[in-house]
$ cat my_file19.csv   # CSV, N, CA and C atoms and all ligand atoms
chain,number,residue,atom,x,y,z
Q,826,VAL,N,30.3,-56.3,32.7
Q,826,VAL,CA,30.0,-57.6,32.2
Q,826,VAL,C,31.1,-58.1,31.3
Q,827,SER,N,31.7,-59.2,31.6
Q,827,SER,CA,32.8,-59.7,30.9
Q,827,SER,C,32.3,-60.4,29.6
Q,828,ALA,N,33.2,-60.7,28.7
Q,828,ALA,CA,32.8,-61.2,27.4
Q,828,ALA,C,32.1,-62.5,27.6
Q,829,GLN,N,32.5,-63.3,28.6
Q,829,GLN,CA,31.9,-64.6,28.8
Q,829,GLN,C,30.5,-64.5,29.3
Q,830,GLN,N,30.2,-63.4,30.0
Q,830,GLN,CA,28.9,-63.2,30.6
Q,830,GLN,C,27.9,-62.4,29.7
Q,831,ARG,N,28.5,-62.0,28.6
Q,831,ARG,CA,27.6,-61.2,27.7
Q,831,ARG,C,26.4,-62.0,27.3
Q,832,PRO,N,25.2,-61.4,27.4
Q,832,PRO,CA,24.0,-62.2,27.1
Q,832,PRO,C,23.9,-62.5,25.6
Q,833,LYS,N,23.2,-63.6,25.3
Q,833,LYS,CA,23.1,-64.0,23.8
Q,833,LYS,C,22.4,-62.8,23.1
Q,834,PRO,N,22.8,-62.5,21.9
Q,834,PRO,CA,22.1,-61.5,21.1
Q,834,PRO,C,20.7,-61.8,20.9
Q,835,PRO,N,19.8,-60.8,20.9
Q,835,PRO,CA,18.4,-61.0,20.7
Q,835,PRO,C,18.2,-61.7,19.3
Q,836,LYS,N,17.0,-62.3,19.2
Q,836,LYS,CA,16.7,-63.1,18.0
Q,836,LYS,C,16.9,-62.2,16.7
Q,837,TRP,N,17.6,-62.8,15.7
Q,837,TRP,CA,17.7,-62.1,14.5
Q,837,TRP,C,16.4,-62.1,13.7
Q,838,ASP,N,16.0,-61.0,13.1
Q,838,ASP,CA,14.7,-61.0,12.4
Q,838,ASP,C,14.8,-61.2,10.9
Q,839,GLY,N,16.0,-61.6,10.5
Q,839,GLY,CA,16.2,-61.9,9.1
Q,839,GLY,C,16.6,-60.7,8.3
Q,840,LYS,N,16.7,-59.5,8.9
Q,840,LYS,CA,17.1,-58.3,8.2
Q,840,LYS,C,18.5,-58.0,8.5
Q,841,GLY,N,19.2,-57.4,7.5
Q,841,GLY,CA,20.6,-57.0,7.8
Q,841,GLY,C,21.4,-58.3,7.9
Q,842,LEU,N,22.5,-58.1,8.7
Q,842,LEU,CA,23.4,-59.3,9.0
Q,842,LEU,C,23.0,-60.0,10.3
Q,843,PRO,N,23.0,-61.3,10.3
Q,843,PRO,CA,22.9,-62.0,11.5
Q,843,PRO,C,24.1,-61.8,12.4
Q,844,PRO,N,23.9,-61.4,13.7
Q,844,PRO,CA,25.1,-61.1,14.5
Q,844,PRO,C,26.0,-62.4,14.7
Q,845,VAL,N,27.3,-62.1,14.9
Q,845,VAL,CA,28.3,-63.2,15.2
Q,845,VAL,C,27.8,-63.9,16.5
Q,846,GLY,N,27.8,-65.2,16.5
Q,846,GLY,CA,27.4,-65.9,17.6
Q,846,GLY,C,26.0,-66.4,17.5
Q,847,MET,N,25.2,-65.8,16.5
Q,847,MET,CA,23.8,-66.2,16.4
Q,847,MET,C,23.7,-67.5,15.7
Q,848,ASP,N,22.7,-68.3,16.1
Q,848,ASP,CA,22.3,-69.5,15.4
Q,848,ASP,C,21.4,-69.2,14.3
Q,849,VAL,N,21.7,-69.7,13.1
Q,849,VAL,CA,20.8,-69.5,11.9
Q,849,VAL,C,20.6,-70.9,11.3
Q,850,ILE,N,19.8,-70.9,10.3
Q,850,ILE,CA,19.6,-72.2,9.5
Q,850,ILE,C,20.0,-71.9,8.0
Q,851,PHE,N,20.5,-73.0,7.4
Q,851,PHE,CA,20.8,-72.9,6.0
Q,851,PHE,C,20.6,-74.3,5.4
Q,852,GLU,N,20.3,-74.4,4.1
Q,852,GLU,CA,20.0,-75.7,3.5
Q,852,GLU,C,21.2,-76.3,3.0
Q,853,THR,N,21.3,-77.7,3.2
Q,853,THR,CA,22.4,-78.4,2.6
Q,853,THR,C,21.8,-79.5,1.7
Q,854,ALA,N,22.5,-79.9,0.8
Q,854,ALA,CA,22.0,-80.9,-0.2
Q,854,ALA,C,21.8,-82.2,0.5
Q,855,SER,N,22.7,-82.6,1.5
Q,855,SER,CA,22.6,-83.9,2.1
Q,855,SER,C,21.6,-84.0,3.2
Q,856,SER,N,21.5,-82.9,4.0
Q,856,SER,CA,20.7,-83.1,5.3
Q,856,SER,C,19.5,-82.1,5.4
Q,857,GLY,N,19.2,-81.4,4.3
Q,857,GLY,CA,18.1,-80.4,4.4
Q,857,GLY,C,18.6,-79.2,5.2
Q,858,PHE,N,17.7,-78.6,6.0
Q,858,PHE,CA,18.1,-77.4,6.8
Q,858,PHE,C,18.9,-77.9,8.0
Q,859,VAL,N,20.0,-77.2,8.2
Q,859,VAL,CA,20.8,-77.5,9.4
Q,859,VAL,C,21.1,-76.2,10.1
Q,860,ILE,N,21.5,-76.2,11.4
Q,860,ILE,CA,21.7,-75.0,12.2
Q,860,ILE,C,23.2,-74.7,12.1
Q,861,GLY,N,23.6,-73.5,11.9
Q,861,GLY,CA,24.9,-73.0,11.9
Q,861,GLY,C,25.0,-71.9,12.9
Q,862,THR,N,26.2,-71.6,13.4
Q,862,THR,CA,26.5,-70.5,14.3
Q,862,THR,C,27.4,-69.5,13.5
Q,863,VAL,N,27.0,-68.3,13.4
Q,863,VAL,CA,27.7,-67.3,12.7
Q,863,VAL,C,29.0,-66.9,13.3
Q,864,THR,N,30.1,-67.0,12.4
Q,864,THR,CA,31.4,-66.6,12.9
Q,864,THR,C,32.0,-65.3,12.3
Q,865,GLY,N,31.3,-64.9,11.2
Q,865,GLY,CA,31.8,-63.7,10.5
Q,865,GLY,C,31.2,-63.6,9.1
Q,866,TYR,N,31.8,-62.8,8.3
Q,866,TYR,CA,31.3,-62.5,7.0
Q,866,TYR,C,32.4,-62.3,6.0
Q,867,HIS,N,32.2,-62.5,4.7
Q,867,HIS,CA,33.1,-62.1,3.7
Q,867,HIS,C,32.3,-61.6,2.5
Q,868,VAL,N,33.0,-60.9,1.7
Q,868,VAL,CA,32.3,-60.3,0.5
Q,868,VAL,C,33.0,-60.8,-0.8
Q,869,MET,N,32.2,-61.2,-1.7
Q,869,MET,CA,32.8,-61.6,-3.0
Q,869,MET,C,32.4,-60.6,-4.1
Q,870,GLY,N,33.1,-60.6,-5.2
Q,870,GLY,CA,32.9,-59.7,-6.2
Q,870,GLY,C,31.6,-59.9,-6.9
Q,871,HIS,N,31.2,-59.1,-7.9
Q,871,HIS,CA,30.0,-59.2,-8.6
Q,871,HIS,C,30.1,-60.4,-9.6
Q,872,LEU,N,29.0,-60.9,-10.1
Q,872,LEU,CA,29.0,-62.0,-11.0
Q,872,LEU,C,28.7,-61.6,-12.4
Q,873,GLY,N,29.6,-60.8,-12.9
Q,873,GLY,CA,29.5,-60.3,-14.3
Q,873,GLY,C,28.4,-59.3,-14.5
Q,874,GLY,N,27.8,-58.8,-13.5
Q,874,GLY,CA,26.8,-57.7,-13.6
Q,874,GLY,C,27.4,-56.4,-13.4
Q,875,ASP,N,26.7,-55.5,-12.7
Q,875,ASP,CA,27.2,-54.2,-12.3
Q,875,ASP,C,28.3,-54.4,-11.3
Q,876,PRO,N,29.5,-53.9,-11.6
Q,876,PRO,CA,30.6,-54.0,-10.6
Q,876,PRO,C,30.4,-53.3,-9.3
Q,877,ALA,N,29.3,-52.5,-9.2
Q,877,ALA,CA,29.0,-51.9,-7.9
Q,877,ALA,C,28.4,-52.8,-7.0
Q,878,TYR,N,27.9,-54.0,-7.5
Q,878,TYR,CA,27.2,-54.9,-6.6
Q,878,TYR,C,28.2,-56.0,-6.2
Q,879,HIS,N,28.1,-56.4,-4.9
Q,879,HIS,CA,28.9,-57.4,-4.3
Q,879,HIS,C,28.0,-58.4,-3.7
Q,880,ARG,N,28.6,-59.6,-3.5
Q,880,ARG,CA,27.8,-60.6,-2.8
Q,880,ARG,C,28.3,-60.8,-1.4
Q,881,VAL,N,27.4,-60.7,-0.4
Q,881,VAL,CA,27.8,-60.9,1.0
Q,881,VAL,C,27.6,-62.3,1.4
Q,882,CYS,N,28.6,-62.9,2.0
Q,882,CYS,CA,28.5,-64.3,2.5
Q,882,CYS,C,28.6,-64.3,4.0
Q,883,VAL,N,27.9,-65.2,4.6
Q,883,VAL,CA,27.9,-65.4,6.0
Q,883,VAL,C,28.8,-66.6,6.3
Q,884,ASP,N,29.8,-66.5,7.1
Q,884,ASP,CA,30.7,-67.6,7.5
Q,884,ASP,C,30.1,-68.2,8.8
Q,885,MET,N,30.1,-69.5,8.8
Q,885,MET,CA,29.4,-70.2,10.0
Q,885,MET,C,30.3,-71.4,10.3
Q,886,VAL,N,30.0,-72.0,11.5
Q,886,VAL,CA,30.3,-73.4,11.8
Q,886,VAL,C,29.0,-74.1,12.0
Q,887,TYR,N,29.0,-75.4,11.7
Q,887,TYR,CA,27.9,-76.2,12.0
Q,887,TYR,C,27.8,-76.2,13.6
Q,888,LYS,N,26.6,-76.0,14.0
Q,888,LYS,CA,26.3,-75.8,15.5
Q,888,LYS,C,27.1,-76.8,16.3
Q,889,ASP,N,27.7,-76.4,17.4
Q,889,ASP,CA,28.5,-77.2,18.3
Q,889,ASP,C,29.6,-78.0,17.7
Q,890,THR,N,30.1,-77.5,16.5
Q,890,THR,CA,31.3,-78.0,15.9
Q,890,THR,C,32.2,-76.9,15.6
Q,891,THR,N,33.4,-77.3,15.0
Q,891,THR,CA,34.3,-76.2,14.4
Q,891,THR,C,34.4,-76.4,12.9
Q,892,ILE,N,33.4,-77.2,12.4
Q,892,ILE,CA,33.4,-77.4,10.9
Q,892,ILE,C,32.8,-76.2,10.2
Q,893,PRO,N,33.6,-75.5,9.4
Q,893,PRO,CA,33.2,-74.3,8.8
Q,893,PRO,C,32.3,-74.5,7.6
Q,894,ASN,N,31.5,-73.5,7.3
Q,894,ASN,CA,30.7,-73.5,6.1
Q,894,ASN,C,30.4,-72.0,5.8
Q,895,SER,N,29.9,-71.7,4.6
Q,895,SER,CA,29.6,-70.4,4.2
Q,895,SER,C,28.4,-70.4,3.3
Q,896,ARG,N,27.6,-69.4,3.4
Q,896,ARG,CA,26.4,-69.3,2.5
Q,896,ARG,C,26.3,-67.8,2.1
Q,897,LEU,N,25.7,-67.6,0.9
Q,897,LEU,CA,25.3,-66.2,0.6
Q,897,LEU,C,24.2,-65.8,1.6
Q,898,LEU,N,24.3,-64.5,1.9
Q,898,LEU,CA,23.4,-63.9,3.0
Q,898,LEU,C,22.0,-64.3,2.7
Q,899,LYS,N,21.6,-64.3,1.4
Q,899,LYS,CA,20.1,-64.5,1.1
Q,899,LYS,C,19.7,-66.0,1.4
Q,900,ASP,N,20.7,-66.9,1.6
Q,900,ASP,CA,20.4,-68.3,1.9
Q,900,ASP,C,20.5,-68.6,3.4
Q,901,VAL,N,20.7,-67.6,4.2
Q,901,VAL,CA,20.8,-67.8,5.6
Q,901,VAL,C,19.5,-67.3,6.2
Q,902,LYS,N,18.8,-68.1,7.1
Q,902,LYS,CA,17.5,-67.7,7.6
Q,902,LYS,C,17.6,-67.8,9.1
Q,903,PRO,N,16.7,-67.0,9.8
Q,903,PRO,CA,16.6,-67.2,11.3
Q,903,PRO,C,16.1,-68.6,11.6
Q,904,VAL,N,16.5,-69.0,12.8
Q,904,VAL,CA,16.0,-70.3,13.3
Q,904,VAL,C,14.5,-70.1,13.6
Q,905,PRO,N,13.6,-70.9,13.0
Q,905,PRO,CA,12.2,-70.8,13.3
Q,905,PRO,C,11.9,-71.1,14.8
Q,906,ASP,N,10.8,-70.4,15.3
Q,906,ASP,CA,10.4,-70.7,16.7
Q,906,ASP,C,10.0,-72.1,16.9
Q,907,ALA,N,9.1,-72.6,16.0
Q,907,ALA,CA,8.8,-74.0,16.0
Q,907,ALA,C,9.7,-74.7,15.1
Q,908,PRO,N,10.5,-75.7,15.6
Q,908,PRO,CA,11.5,-76.3,14.7
Q,908,PRO,C,10.8,-76.8,13.4
Q,909,LEU,N,11.4,-76.5,12.3
Q,909,LEU,CA,11.0,-77.1,11.0
Q,909,LEU,C,11.1,-78.6,11.1
Q,910,LYS,N,10.3,-79.3,10.4
Q,910,LYS,CA,10.5,-80.8,10.2
Q,910,LYS,C,11.9,-81.1,9.7
Q,911,GLN,N,12.4,-80.3,8.7
Q,911,GLN,CA,13.7,-80.5,8.2
Q,911,GLN,C,14.8,-80.2,9.1
Q,912,VAL,N,14.6,-79.2,10.0
Q,912,VAL,CA,15.6,-78.9,11.0
Q,912,VAL,C,15.7,-80.0,12.0
Q,913,ASP,N,14.6,-80.5,12.4
Q,913,ASP,CA,14.5,-81.3,13.6
Q,913,ASP,C,13.8,-82.6,13.2
Q,914,LYS,N,14.5,-83.6,12.9
Q,914,LYS,CA,13.9,-84.9,12.5
Q,914,LYS,C,13.5,-85.7,13.6
Q,915,LEU,N,13.5,-85.2,14.8
Q,915,LEU,CA,13.1,-85.9,16.0
Q,915,LEU,C,11.7,-86.3,15.9
Q,916,PHE,N,11.4,-87.6,16.1
Q,916,PHE,CA,10.0,-88.0,16.1
Q,916,PHE,C,9.5,-88.0,17.5
Q,917,VAL,N,8.2,-87.8,17.6
Q,917,VAL,CA,7.5,-87.8,18.9
Q,917,VAL,C,6.5,-89.0,18.9
Q,918,CYS,N,6.5,-89.8,20.0
Q,918,CYS,CA,5.5,-90.9,20.1
Q,918,CYS,C,4.1,-90.3,20.1
Q,919,ASP,N,3.3,-90.8,19.2
Q,919,ASP,CA,1.9,-90.3,19.1
Q,919,ASP,C,1.0,-90.8,20.2
Q,920,PHE,N,1.5,-91.8,21.0
Q,920,PHE,CA,0.7,-92.3,22.1
Q,920,PHE,C,1.1,-91.7,23.4
Q,921,CYS,N,2.3,-91.4,23.7
Q,921,CYS,CA,2.7,-90.9,25.0
Q,921,CYS,C,3.5,-89.6,24.9
Q,922,ASN,N,3.7,-89.1,23.7
Q,922,ASN,CA,4.5,-87.8,23.5
Q,922,ASN,C,5.9,-87.8,23.9
Q,923,LYS,N,6.5,-89.0,24.1
Q,923,LYS,CA,7.9,-89.1,24.4
Q,923,LYS,C,8.6,-88.7,23.1
Q,924,THR,N,9.8,-88.0,23.2
Q,924,THR,CA,10.5,-87.7,22.0
Q,924,THR,C,11.5,-88.8,21.7
Q,925,GLN,N,12.0,-88.8,20.5
Q,925,GLN,CA,12.9,-89.9,20.0
Q,925,GLN,C,14.1,-90.0,20.9
Q,926,ASP,N,14.6,-88.9,21.4
Q,926,ASP,CA,15.8,-89.0,22.3
Q,926,ASP,C,15.5,-89.4,23.7
Q,927,GLU,N,14.3,-89.4,24.1
Q,927,GLU,CA,13.9,-89.9,25.4
Q,927,GLU,C,13.6,-91.4,25.4
Q,928,ALA,N,13.3,-91.9,24.2
Q,928,ALA,CA,12.8,-93.3,24.0
Q,928,ALA,C,14.0,-94.2,23.7
Q,929,PHE,N,13.9,-95.5,24.0
Q,929,PHE,CA,15.0,-96.4,23.6
Q,929,PHE,C,14.9,-96.6,22.1
Q,930,HIS,N,13.7,-96.8,21.6
Q,930,HIS,CA,13.5,-97.0,20.2
Q,930,HIS,C,12.2,-96.4,19.7
Q,931,MET,N,12.2,-95.8,18.5
Q,931,MET,CA,11.0,-95.2,18.0
Q,931,MET,C,10.7,-95.9,16.7
Q,932,ILE,N,9.5,-96.4,16.5
Q,932,ILE,CA,9.1,-97.0,15.2
Q,932,ILE,C,8.2,-96.0,14.5
Q,933,VAL,N,8.7,-95.6,13.3
Q,933,VAL,CA,8.0,-94.6,12.5
Q,933,VAL,C,7.3,-95.2,11.4
Q,934,GLY,N,6.0,-94.9,11.3
Q,934,GLY,CA,5.2,-95.5,10.2
Q,934,GLY,C,5.0,-94.5,9.0
Q,935,GLN,N,4.2,-94.9,8.1
Q,935,GLN,CA,4.0,-94.0,7.0
Q,935,GLN,C,3.3,-92.8,7.5
Q,936,ARG,N,3.3,-91.7,6.8
Q,936,ARG,CA,2.8,-90.4,7.2
Q,936,ARG,C,3.3,-89.9,8.6
Q,937,GLU,N,4.5,-90.4,8.9
Q,937,GLU,CA,5.3,-89.9,10.1
Q,937,GLU,C,4.6,-90.1,11.4
Q,938,THR,N,3.7,-91.1,11.5
Q,938,THR,CA,3.2,-91.5,12.8
Q,938,THR,C,4.3,-92.2,13.5
Q,939,ALA,N,4.4,-92.2,14.8
Q,939,ALA,CA,5.5,-92.8,15.5
Q,939,ALA,C,5.0,-93.4,16.8
Q,940,ILE,N,5.6,-94.5,17.2
Q,940,ILE,CA,5.3,-95.1,18.5
Q,940,ILE,C,6.6,-95.6,19.2
Q,941,CYS,N,6.7,-95.3,20.5
Q,941,CYS,CA,8.0,-95.7,21.2
Q,941,CYS,C,7.9,-97.1,21.7
Q,942,ASP,N,9.1,-97.6,22.1
Q,942,ASP,CA,9.2,-99.0,22.5
Q,942,ASP,C,8.3,-99.3,23.7
Q,943,ALA,N,8.2,-98.3,24.7
Q,943,ALA,CA,7.4,-98.5,25.8
Q,943,ALA,C,5.9,-98.7,25.5
Q,944,CYS,N,5.5,-97.9,24.5
Q,944,CYS,CA,4.1,-98.0,24.1
Q,944,CYS,C,3.8,-99.3,23.3
Q,945,VAL,N,4.8,-99.8,22.6
Q,945,VAL,CA,4.7,-101.1,21.9
Q,945,VAL,C,4.5,-102.2,22.9
Q,946,ASP,N,5.3,-102.1,24.1
Q,946,ASP,CA,5.2,-103.1,25.1
Q,946,ASP,C,3.7,-103.0,25.7
Q,947,VAL,N,3.2,-101.8,25.9
Q,947,VAL,CA,1.8,-101.7,26.4
Q,947,VAL,C,0.9,-102.4,25.5
Q,948,CYS,N,1.1,-102.1,24.2
Q,948,CYS,CA,0.2,-102.7,23.1
Q,948,CYS,C,0.3,-104.2,23.1
Q,949,ASN,N,1.5,-104.7,23.3
Q,949,ASN,CA,1.7,-106.1,23.3
Q,949,ASN,C,1.0,-106.8,24.4
Q,950,GLU,N,1.1,-106.1,25.6
Q,950,GLU,CA,0.4,-106.7,26.8
Q,950,GLU,C,-1.1,-106.6,26.6
Q,951,ALA,N,-1.6,-105.5,26.0
Q,951,ALA,CA,-3.1,-105.4,25.8
Q,951,ALA,C,-3.5,-106.5,24.8
Q,952,LEU,N,-2.7,-106.7,23.8
Q,952,LEU,CA,-3.0,-107.7,22.8
Q,952,LEU,C,-3.0,-109.1,23.4
Q,953,ALA,N,-2.0,-109.4,24.3
Q,953,ALA,CA,-1.9,-110.7,24.9
Q,953,ALA,C,-3.2,-111.0,25.8
Q,954,GLU,N,-3.6,-109.9,26.5
Q,954,GLU,CA,-4.8,-110.0,27.3
Q,954,GLU,C,-6.0,-110.4,26.4
Q,955,LYS,N,-6.1,-109.6,25.3
Q,955,LYS,CA,-7.2,-109.8,24.4
Q,955,LYS,C,-7.3,-111.2,23.9
Q,956,ARG,N,-6.1,-111.7,23.5
Q,956,ARG,CA,-6.0,-113.1,22.9
Q,956,ARG,C,-6.3,-114.1,24.0
Q,957,LYS,N,-6.0,-113.9,25.3
Q,957,LYS,CA,-6.3,-114.8,26.3
Q,957,LYS,C,-7.9,-114.9,26.5
Q,958,GLU,N,-8.5,-113.7,26.4
Q,958,GLU,CA,-10.0,-113.7,26.5
Q,958,GLU,C,-10.7,-114.4,25.3
Q,959,GLN,N,-10.2,-114.1,24.1
Q,959,GLN,CA,-10.8,-114.7,22.9
Q,959,GLN,C,-9.8,-115.4,22.1
Q,960,PRO,N,-9.4,-116.6,22.4
Q,960,PRO,CA,-8.4,-117.3,21.6
Q,960,PRO,C,-8.8,-117.4,20.1
Q,961,ALA,N,-7.9,-117.1,19.3
Q,961,ALA,CA,-8.2,-117.0,17.9
Q,961,ALA,C,-8.5,-118.4,17.3
Q,1001,ZN,ZN,5.1,-93.9,23.6
$ encode --input "my_file19.csv" --output "structure tokens"
Amino acid sequence: VSAQQRPKPPKWDGKGLPPVGMDVIFETASSGFVIGTVTGYHVMGHLGGDPAYHRVCVDMVYKDTTIPNSRLLKDVKPVPDAPLKQVDKLFVCDFCNKTQDEAFHMIVGQRETAICDACVDVCNEALAEKRKEQPA
């Protein structure tokens, strides 16, 4: 098996080090949780405590980019099976289940209810019918 054909590493369980090439999540101030791909590790010295202790950092790039970032190991988490709201801000139409990237436009209401443009059209037609039957 060549390097290119090597299967993806199994899911990281959050223990030890996440393998190089693994997708993980970490929190950013601007965008909440984002996905990074592990590229390596580095170790920093202690923070004024016992010099026997070191801090392990995970080096990453933002997923599908070459933009590097780094986080303390404790701040790097496995990608959840069900995407977190913070990880995936994709809204789903509450009427037809279309996702935001499948729809031309998604209108999001309070409490994160959402409706896609196609369902708005259906609603408009239904309303027009109703208004024809019972003029206001
Ligand atoms: Zn819809």
$ residues_near_ligand --input "my_file19.csv" --ligand "ligand ZN 1001 (chain Q)" --cutoff "12 Å" --atoms "only C-alpha atoms and all ligand atoms" --output "list in words"
Phe916, Val917, Cys918, Asp919, Phe920, Cys921, Asn922, Lys923, Thr924, Gln925, Asp926, Glu927, Ala928, Phe929, His930, Met931, Ile932, Val933, Thr938, Ala939, Ile940, Cys941, Asp942, Ala943, Cys944, Val945, Asp946, Val947 and Cys948 of chain Q
$ residues_around --input "my_file19.csv" --residues "region 846-863 of chain Q" --least-positions-apart "2" --cutoff "8 Å" --atoms "only C-alpha atoms" --output "list in words"
Lys833, Pro834, Lys836, Trp837, Pro843, Pro844, Gly865, Val883, Asp884, Met885, Val886, Tyr887, Lys888, Arg896, Asp900, Val901, Lys902, Pro903, Val904, Gln911 and Val912 of chain Q
$ atom_distance --input "my_file19.csv" --atom1 "atom N of Gln935 (chain Q)" --atom2 "atom N of Lys957 (chain Q)"
27.6 Å
$ atom_distance --input "my_file19.csv" --atom1 "CA of Cys882 (chain Q)" --atom2 "atom N of Lys899 (chain Q)"
7.0 Å
$ atom_distance --input "my_file19.csv" --atom1 "CA of Gly874 (chain Q)" --atom2 "atom N of Asn894 (chain Q)"
26.6 Å
$ select_by_dssp --input "my_file19.csv" --residues "region 835-961 of chain Q" --states "helix (DSSP H, G or I)" --output "list in words"
Leu898, Lys899, Asp900, Gln935, Arg936, Glu937, Asp942, Ala943, Cys944, Val945, Asp946, Val947, Cys948, Asn949, Glu950, Ala951, Leu952, Ala953, Glu954, Lys955, Arg956, Lys957 and Glu958 of chain Q
$ write_last_selection --input "my_file19.csv" --atoms "N, CA and C atoms" --output "PDB file, in the frame of the given file"
ATOM      1  N   LEU Q 898      24.300 -64.500   1.900  1.00  0.00           N
ATOM      2  CA  LEU Q 898      23.400 -63.900   3.000  1.00  0.00           C
ATOM      3  C   LEU Q 898      22.000 -64.300   2.700  1.00  0.00           C
ATOM      4  N   LYS Q 899      21.600 -64.300   1.400  1.00  0.00           N
ATOM      5  CA  LYS Q 899      20.100 -64.500   1.100  1.00  0.00           C
ATOM      6  C   LYS Q 899      19.700 -66.000   1.400  1.00  0.00           C
ATOM      7  N   ASP Q 900      20.700 -66.900   1.600  1.00  0.00           N
ATOM      8  CA  ASP Q 900      20.400 -68.300   1.900  1.00  0.00           C
ATOM      9  C   ASP Q 900      20.500 -68.600   3.400  1.00  0.00           C
ATOM     10  N   GLN Q 935       4.200 -94.900   8.100  1.00  0.00           N
ATOM     11  CA  GLN Q 935       4.000 -94.000   7.000  1.00  0.00           C
ATOM     12  C   GLN Q 935       3.300 -92.800   7.500  1.00  0.00           C
ATOM     13  N   ARG Q 936       3.300 -91.700   6.800  1.00  0.00           N
ATOM     14  CA  ARG Q 936       2.800 -90.400   7.200  1.00  0.00           C
ATOM     15  C   ARG Q 936       3.300 -89.900   8.600  1.00  0.00           C
ATOM     16  N   GLU Q 937       4.500 -90.400   8.900  1.00  0.00           N
ATOM     17  CA  GLU Q 937       5.300 -89.900  10.100  1.00  0.00           C
ATOM     18  C   GLU Q 937       4.600 -90.100  11.400  1.00  0.00           C
ATOM     19  N   ASP Q 942       9.100 -97.600  22.100  1.00  0.00           N
ATOM     20  CA  ASP Q 942       9.200 -99.000  22.500  1.00  0.00           C
ATOM     21  C   ASP Q 942       8.300 -99.300  23.700  1.00  0.00           C
ATOM     22  N   ALA Q 943       8.200 -98.300  24.700  1.00  0.00           N
ATOM     23  CA  ALA Q 943       7.400 -98.500  25.800  1.00  0.00           C
ATOM     24  C   ALA Q 943       5.900 -98.700  25.500  1.00  0.00           C
ATOM     25  N   CYS Q 944       5.500 -97.900  24.500  1.00  0.00           N
ATOM     26  CA  CYS Q 944       4.100 -98.000  24.100  1.00  0.00           C
ATOM     27  C   CYS Q 944       3.800 -99.300  23.300  1.00  0.00           C
ATOM     28  N   VAL Q 945       4.800 -99.800  22.600  1.00  0.00           N
ATOM     29  CA  VAL Q 945       4.700-101.100  21.900  1.00  0.00           C
ATOM     30  C   VAL Q 945       4.500-102.200  22.900  1.00  0.00           C
ATOM     31  N   ASP Q 946       5.300-102.100  24.100  1.00  0.00           N
ATOM     32  CA  ASP Q 946       5.200-103.100  25.100  1.00  0.00           C
ATOM     33  C   ASP Q 946       3.700-103.000  25.700  1.00  0.00           C
ATOM     34  N   VAL Q 947       3.200-101.800  25.900  1.00  0.00           N
ATOM     35  CA  VAL Q 947       1.800-101.700  26.400  1.00  0.00           C
ATOM     36  C   VAL Q 947       0.900-102.400  25.500  1.00  0.00           C
ATOM     37  N   CYS Q 948       1.100-102.100  24.200  1.00  0.00           N
ATOM     38  CA  CYS Q 948       0.200-102.700  23.100  1.00  0.00           C
ATOM     39  C   CYS Q 948       0.300-104.200  23.100  1.00  0.00           C
ATOM     40  N   ASN Q 949       1.500-104.700  23.300  1.00  0.00           N
ATOM     41  CA  ASN Q 949       1.700-106.100  23.300  1.00  0.00           C
ATOM     42  C   ASN Q 949       1.000-106.800  24.400  1.00  0.00           C
ATOM     43  N   GLU Q 950       1.100-106.100  25.600  1.00  0.00           N
ATOM     44  CA  GLU Q 950       0.400-106.700  26.800  1.00  0.00           C
ATOM     45  C   GLU Q 950      -1.100-106.600  26.600  1.00  0.00           C
ATOM     46  N   ALA Q 951      -1.600-105.500  26.000  1.00  0.00           N
ATOM     47  CA  ALA Q 951      -3.100-105.400  25.800  1.00  0.00           C
ATOM     48  C   ALA Q 951      -3.500-106.500  24.800  1.00  0.00           C
ATOM     49  N   LEU Q 952      -2.700-106.700  23.800  1.00  0.00           N
ATOM     50  CA  LEU Q 952      -3.000-107.700  22.800  1.00  0.00           C
ATOM     51  C   LEU Q 952      -3.000-109.100  23.400  1.00  0.00           C
ATOM     52  N   ALA Q 953      -2.000-109.400  24.300  1.00  0.00           N
ATOM     53  CA  ALA Q 953      -1.900-110.700  24.900  1.00  0.00           C
ATOM     54  C   ALA Q 953      -3.200-111.000  25.800  1.00  0.00           C
ATOM     55  N   GLU Q 954      -3.600-109.900  26.500  1.00  0.00           N
ATOM     56  CA  GLU Q 954      -4.800-110.000  27.300  1.00  0.00           C
ATOM     57  C   GLU Q 954      -6.000-110.400  26.400  1.00  0.00           C
ATOM     58  N   LYS Q 955      -6.100-109.600  25.300  1.00  0.00           N
ATOM     59  CA  LYS Q 955      -7.200-109.800  24.400  1.00  0.00           C
ATOM     60  C   LYS Q 955      -7.300-111.200  23.900  1.00  0.00           C
ATOM     61  N   ARG Q 956      -6.100-111.700  23.500  1.00  0.00           N
ATOM     62  CA  ARG Q 956      -6.000-113.100  22.900  1.00  0.00           C
ATOM     63  C   ARG Q 956      -6.300-114.100  24.000  1.00  0.00           C
ATOM     64  N   LYS Q 957      -6.000-113.900  25.300  1.00  0.00           N
ATOM     65  CA  LYS Q 957      -6.300-114.800  26.300  1.00  0.00           C
ATOM     66  C   LYS Q 957      -7.900-114.900  26.500  1.00  0.00           C
ATOM     67  N   GLU Q 958      -8.500-113.700  26.400  1.00  0.00           N
ATOM     68  CA  GLU Q 958     -10.000-113.700  26.500  1.00  0.00           C
ATOM     69  C   GLU Q 958     -10.700-114.400  25.300  1.00  0.00           C
TER      70      GLU Q 958
END
